[in-house]
file work.txt (compact mmCIF, C-alpha atoms)
# COMPACT_ATOMS: atom_id res chain seq x y z
CA MET U 1 -60.33 15.23 8.85
CA TYR U 2 -57.90 12.71 10.37
CA GLY U 3 -60.67 11.26 12.55
CA LYS U 4 -62.54 10.10 9.43
CA SER U 5 -59.41 8.65 7.80
CA PRO U 6 -56.76 7.63 10.37
CA MET U 7 -54.73 5.81 7.69
CA ARG U 8 -54.36 9.04 5.71
CA ALA U 9 -53.18 10.80 8.86
CA VAL U 10 -50.55 8.14 9.49
CA LEU U 11 -49.33 8.30 5.89
CA PHE U 12 -49.25 12.08 6.01
CA LEU U 13 -47.15 12.14 9.18
CA LEU U 14 -44.86 9.43 7.79
CA GLY U 15 -44.37 11.49 4.63
CA ILE U 16 -43.42 14.52 6.70
CA GLN U 17 -40.85 12.49 8.64
CA LEU U 18 -39.32 11.04 5.47
CA THR U 19 -39.16 14.49 3.92
CA ALA U 20 -37.38 15.80 7.01
CA LEU U 21 -34.91 12.93 7.00
CA TRP U 22 -34.19 12.90 3.25
CA PRO U 23 -31.46 15.64 3.26
CA ILE U 24 -29.41 13.36 5.52
CA ALA U 25 -29.33 10.76 2.73
CA ALA U 26 -26.79 12.69 0.66
CA VAL U 27 -23.87 11.42 -1.40
CA GLU U 28 -20.66 11.19 0.64
CA ILE U 29 -17.33 11.54 -1.18
CA TYR U 30 -14.03 10.00 -0.08
CA THR U 31 -10.65 11.14 -1.45
CA PRO U 32 -7.02 11.01 -0.19
CA ARG U 33 -7.16 14.80 0.28
CA VAL U 34 -3.39 15.25 -0.27
CA LEU U 35 -1.37 13.51 -2.95
CA GLU U 36 2.24 13.77 -4.13
CA ALA U 37 3.59 12.42 -7.42
CA VAL U 38 6.76 12.66 -9.49
CA ASN U 39 6.94 14.79 -12.60
CA GLY U 40 6.54 12.77 -15.82
CA THR U 41 4.80 9.82 -14.15
CA ASP U 42 1.15 8.77 -14.10
CA VAL U 43 -1.08 9.15 -11.05
CA ARG U 44 -4.44 7.73 -10.02
CA LEU U 45 -6.82 10.30 -8.57
CA LYS U 46 -8.89 8.12 -6.29
CA CYS U 47 -12.47 9.06 -5.53
CA THR U 48 -15.09 6.77 -3.98
CA PHE U 49 -18.58 7.53 -2.71
CA SER U 50 -21.53 6.18 -0.75
CA SER U 51 -25.19 6.72 -1.55
CA PHE U 52 -28.51 5.55 -0.14
CA ALA U 53 -29.94 5.32 -3.64
CA PRO U 54 -29.00 2.39 -5.89
CA VAL U 55 -26.44 3.19 -8.57
CA GLY U 56 -28.02 3.39 -12.01
CA ASP U 57 -27.84 5.14 -15.36
CA ALA U 58 -28.67 8.48 -13.71
CA LEU U 59 -25.27 8.58 -12.01
CA THR U 60 -23.05 11.49 -13.08
CA VAL U 61 -19.44 12.24 -12.15
CA THR U 62 -17.69 15.55 -12.78
CA TRP U 63 -13.98 16.19 -12.29
CA ASN U 64 -12.65 19.75 -12.35
CA PHE U 65 -9.30 21.43 -11.66
CA ARG U 66 -8.30 24.64 -9.89
CA PRO U 67 -4.66 25.69 -10.54
CA ARG U 68 -2.56 26.38 -7.48
CA ASP U 69 -1.36 29.69 -8.88
CA GLY U 70 -4.93 30.84 -9.46
CA GLY U 71 -7.06 31.18 -12.54
CA PRO U 72 -10.44 29.85 -13.65
CA GLU U 73 -11.63 26.32 -12.89
CA GLN U 74 -10.95 23.87 -15.73
CA PHE U 75 -12.87 20.82 -16.91
CA VAL U 76 -11.06 17.51 -16.48
CA PHE U 77 -13.50 14.64 -16.98
CA TYR U 78 -17.20 13.74 -17.09
CA TYR U 79 -18.98 10.41 -16.70
CA HIS U 80 -22.62 9.58 -17.43
CA VAL U 81 -23.21 5.96 -18.50
CA ASP U 82 -20.04 6.36 -20.57
CA PRO U 83 -16.84 8.33 -19.91
CA PHE U 84 -16.37 11.64 -21.73
CA ARG U 85 -12.79 12.85 -22.11
CA PRO U 86 -11.93 16.51 -22.69
CA MET U 87 -11.65 17.32 -26.39
CA SER U 88 -9.34 20.27 -25.84
CA GLY U 89 -7.28 21.97 -23.18
CA ARG U 90 -4.40 20.85 -20.98
CA PHE U 91 -5.99 17.48 -20.11
CA LYS U 92 -6.72 16.37 -23.66
CA ASP U 93 -5.44 12.79 -24.23
CA ARG U 94 -4.07 12.73 -20.68
CA VAL U 95 -7.08 11.55 -18.66
CA VAL U 96 -8.74 8.12 -18.69
CA TRP U 97 -11.55 6.56 -16.69
CA ASP U 98 -10.38 4.13 -13.98
CA GLY U 99 -13.55 3.76 -11.94
CA ASN U 100 -16.25 1.17 -11.35
CA PRO U 101 -19.62 2.68 -10.33
CA GLU U 102 -20.91 -0.72 -9.20
CA ARG U 103 -18.17 -0.62 -6.56
CA TYR U 104 -18.78 3.07 -5.86
CA ASP U 105 -15.43 3.96 -7.43
CA VAL U 106 -15.24 6.98 -9.77
CA SER U 107 -11.46 7.39 -9.97
CA ILE U 108 -9.49 8.63 -12.99
CA LEU U 109 -5.91 8.30 -14.25
CA LEU U 110 -3.85 11.35 -15.13
CA TRP U 111 -0.95 10.64 -17.48
CA LYS U 112 2.43 12.36 -17.90
CA LEU U 113 2.32 14.74 -14.97
CA GLN U 114 3.63 18.27 -15.42
CA PHE U 115 4.56 20.85 -12.82
CA ASP U 116 1.66 23.05 -13.87
CA ASP U 117 -0.70 20.19 -12.86
CA ASN U 118 -0.22 21.36 -9.27
CA GLY U 119 -3.54 22.33 -7.78
CA THR U 120 -6.88 21.09 -6.48
CA TYR U 121 -8.85 18.39 -8.27
CA THR U 122 -12.53 18.16 -7.36
CA CYS U 123 -14.74 15.10 -7.65
CA GLN U 124 -18.51 15.64 -7.69
CA VAL U 125 -20.93 12.70 -7.73
CA LYS U 126 -24.70 12.88 -8.24
CA ASN U 127 -26.80 9.74 -7.92
CA PRO U 128 -30.46 10.85 -8.17
CA PRO U 129 -32.34 11.27 -5.99
CA ASP U 130 -29.09 11.73 -3.98
CA VAL U 131 -27.78 14.94 -5.50
CA ASP U 132 -26.66 16.78 -2.38
CA GLY U 133 -23.38 16.39 -0.54
CA LEU U 134 -19.91 17.82 -0.31
CA ILE U 135 -17.51 17.80 -3.26
CA GLY U 136 -14.38 15.70 -2.80
CA GLU U 137 -11.02 17.44 -3.17
CA ILE U 138 -7.46 16.26 -3.84
CA GLN U 139 -4.50 18.60 -3.36
CA LEU U 140 -1.95 17.34 -5.92
CA SER U 141 1.71 18.30 -5.68
CA VAL U 142 3.99 17.43 -8.61
CA VAL U 143 7.61 17.13 -7.45
CA HIS U 144 11.03 16.08 -8.77
CA THR U 145 11.25 13.18 -6.32
CA VAL U 146 8.82 11.88 -3.73
CA ARG U 147 9.76 12.84 -0.20
CA PHE U 148 9.91 10.10 2.41
CA SER U 149 6.87 10.18 4.64
CA GLU U 150 6.75 8.97 8.21
CA ILE U 151 5.35 5.67 6.96
CA HIS U 152 8.30 5.28 4.60
CA PHE U 153 10.74 6.02 7.42
CA LEU U 154 8.94 3.54 9.66
CA ALA U 155 9.00 0.87 6.96
CA LEU U 156 12.70 1.56 6.35
CA ALA U 157 13.46 1.33 10.07
CA ILE U 158 11.54 -1.93 10.42
CA GLY U 159 13.21 -3.36 7.33
CA SER U 160 16.66 -2.36 8.59
CA ALA U 161 15.94 -3.88 12.00
CA CYS U 162 14.77 -7.13 10.40
CA ALA U 163 17.86 -7.23 8.17
CA LEU U 164 20.09 -6.62 11.20
CA MET U 165 18.38 -9.44 13.12
CA VAL U 166 18.89 -11.80 10.17
CA ILE U 167 22.58 -10.86 9.99
CA ILE U 168 22.99 -11.41 13.74
CA VAL U 169 21.31 -14.83 13.53
CA ILE U 170 23.55 -15.82 10.61
CA VAL U 171 26.68 -14.66 12.48
CA VAL U 172 25.66 -16.61 15.62
CA VAL U 173 24.91 -19.76 13.62
CA LEU U 174 28.22 -19.53 11.75
CA PHE U 175 30.10 -18.87 15.02
CA GLN U 176 28.55 -21.93 16.66
CA HIS U 177 29.24 -24.01 13.57
CA PHE U 178 32.95 -23.08 13.47
CA ARG U 179 33.19 -23.48 17.25
CA LYS U 180 31.82 -27.00 17.05
CA LYS U 181 34.12 -27.73 14.12
CA ARG U 182 37.19 -26.54 16.08
CA ARG U 183 36.15 -28.64 19.06
CA ALA U 184 35.75 -31.67 16.81
CA GLU U 185 39.19 -31.06 15.27
CA ARG U 186 40.76 -30.72 18.72
CA ALA U 187 39.09 -33.90 19.90
CA HIS U 188 40.29 -35.71 16.79
CA LYS U 189 43.85 -34.51 17.41
CA VAL U 190 43.71 -35.65 21.04
CA VAL U 191 42.53 -39.08 19.92
CA GLU U 192 45.34 -39.27 17.37
CA ILE U 193 47.95 -38.25 19.99
CA LYS U 194 46.63 -40.83 22.45
CA SER U 195 46.61 -43.54 19.82
CA LYS U 196 50.17 -42.69 18.84
CA GLU U 197 51.29 -42.70 22.47
CA GLU U 198 49.60 -46.04 23.05
CA GLU U 199 51.22 -47.44 19.93
CA LYS U 200 54.63 -46.18 21.11
CA LEU U 201 54.13 -47.77 24.53
CA ASN U 202 53.14 -51.04 22.93
CA GLN U 203 56.27 -51.00 20.82
CA GLU U 204 58.42 -50.25 23.84
CA LYS U 205 56.81 -53.15 25.73
CA LYS U 206 57.47 -55.47 22.82
CA VAL U 207 61.14 -54.41 22.74
CA SER U 208 61.55 -54.92 26.47
CA VAL U 209 59.94 -58.35 26.29
CA TYR U 210 62.18 -59.29 23.41
CA LEU U 211 65.27 -58.19 25.31
CA GLU U 212 64.23 -60.19 28.35
CA ASP U 213 63.71 -63.28 26.23
CA THR U 214 67.15 -62.97 24.67
CA ASP U 215 68.75 -62.69 28.08

call {"tool": "encode", "arguments": {"input": "work.txt", "output": "structure tokens"}}
result
Amino acid sequence: MYGKSPMRAVLFLLGIQLTALWPIAAVEIYTPRVLEAVNGTDVRLKCTFSSFAPVGDALTVTWNFRPRDGGPEQFVFYYHVDPFRPMSGRFKDRVVWDGNPERYDVSILLWKLQFDDNGTYTCQVKNPPDVDGLIGEIQLSVVHTVRFSEIHFLALAIGSACALMVIIVIVVVLFQHFRKKRRAERAHKVVEIKSKEEEKLNQEKKVSVYLEDTD
């Protein structure tokens, strides 16, 4: 059959190869994985993706929530052309769209955090024909105050070191300034003493000359 139509054979084999490779072209999700935020504040749940297919009106985004203490999965947010907020439940009037599909960003904002918001937030993106791929997850911890991370400690250490260096430079500059000032004052005093001594000697010479003349 392929001998009579070699072009069909080539197209057939090419189709098989593309079909075999297509599962690789799945949507890839990127999230911070672990997030910590203070009770009563707002937090941005960041979720971005990559897809081999161009982003269009077929794109859908689904956010869900699994409580840390267990219980059924809860709906958080849905996007398809337009954002759809939850009409009831714990996230009503607390979630807004903060994404930009053209930039492959499907993030949301969660307002007024509560301690029972602790749990796992999942971000699922489908961009037909790319509908396969892993679901992104964010482990959110709501705390009283944010703990210092290693990056915060490093930034604090660098900032303290820079501040210390600035203080040392200022102290050295001031020390040199006052040292030069004291030297200048000493030199001025020496000049004054010398001038006074010279003036005294001149007066003594004048007196001695006058006495000689009178004799």

call {"tool": "closest_residue", "arguments": {"input": "work.txt", "among": "U:Gln74, U:Ser50, U:Asn64, U:Asn39", "to": "U:Glu137", "atoms": "all atoms listed in the file"}}
result
U:Asn64

call {"tool": "atom_distance", "arguments": {"input": "work.txt", "atom1": "atom CA of U:Asp57", "atom2": "atom CA of U:Arg44"}}
result
24.1 Å

call {"tool": "closest_residue", "arguments": {"input": "work.txt", "among": "U:Met87, U:Asp116, U:Glu102, U:Gln124", "to": "U:Val61", "atoms": "all atoms listed in the file"}}
result
U:Gln124

call {"tool": "atom_distance", "arguments": {"input": "work.txt", "atom1": "atom CA of U:Ala161", "atom2": "atom CA of U:Gln176"}}
result
22.5 Å

call {"tool": "residues_around", "arguments": {"input": "work.txt", "residues": "U:Asp130", "least_positions_apart": "6", "cutoff": "7 Å", "atoms": "all atoms listed in the file", "output": "JSON, numbers by chain"}}
result
{"U": [25, 26, 27, 51, 53]}
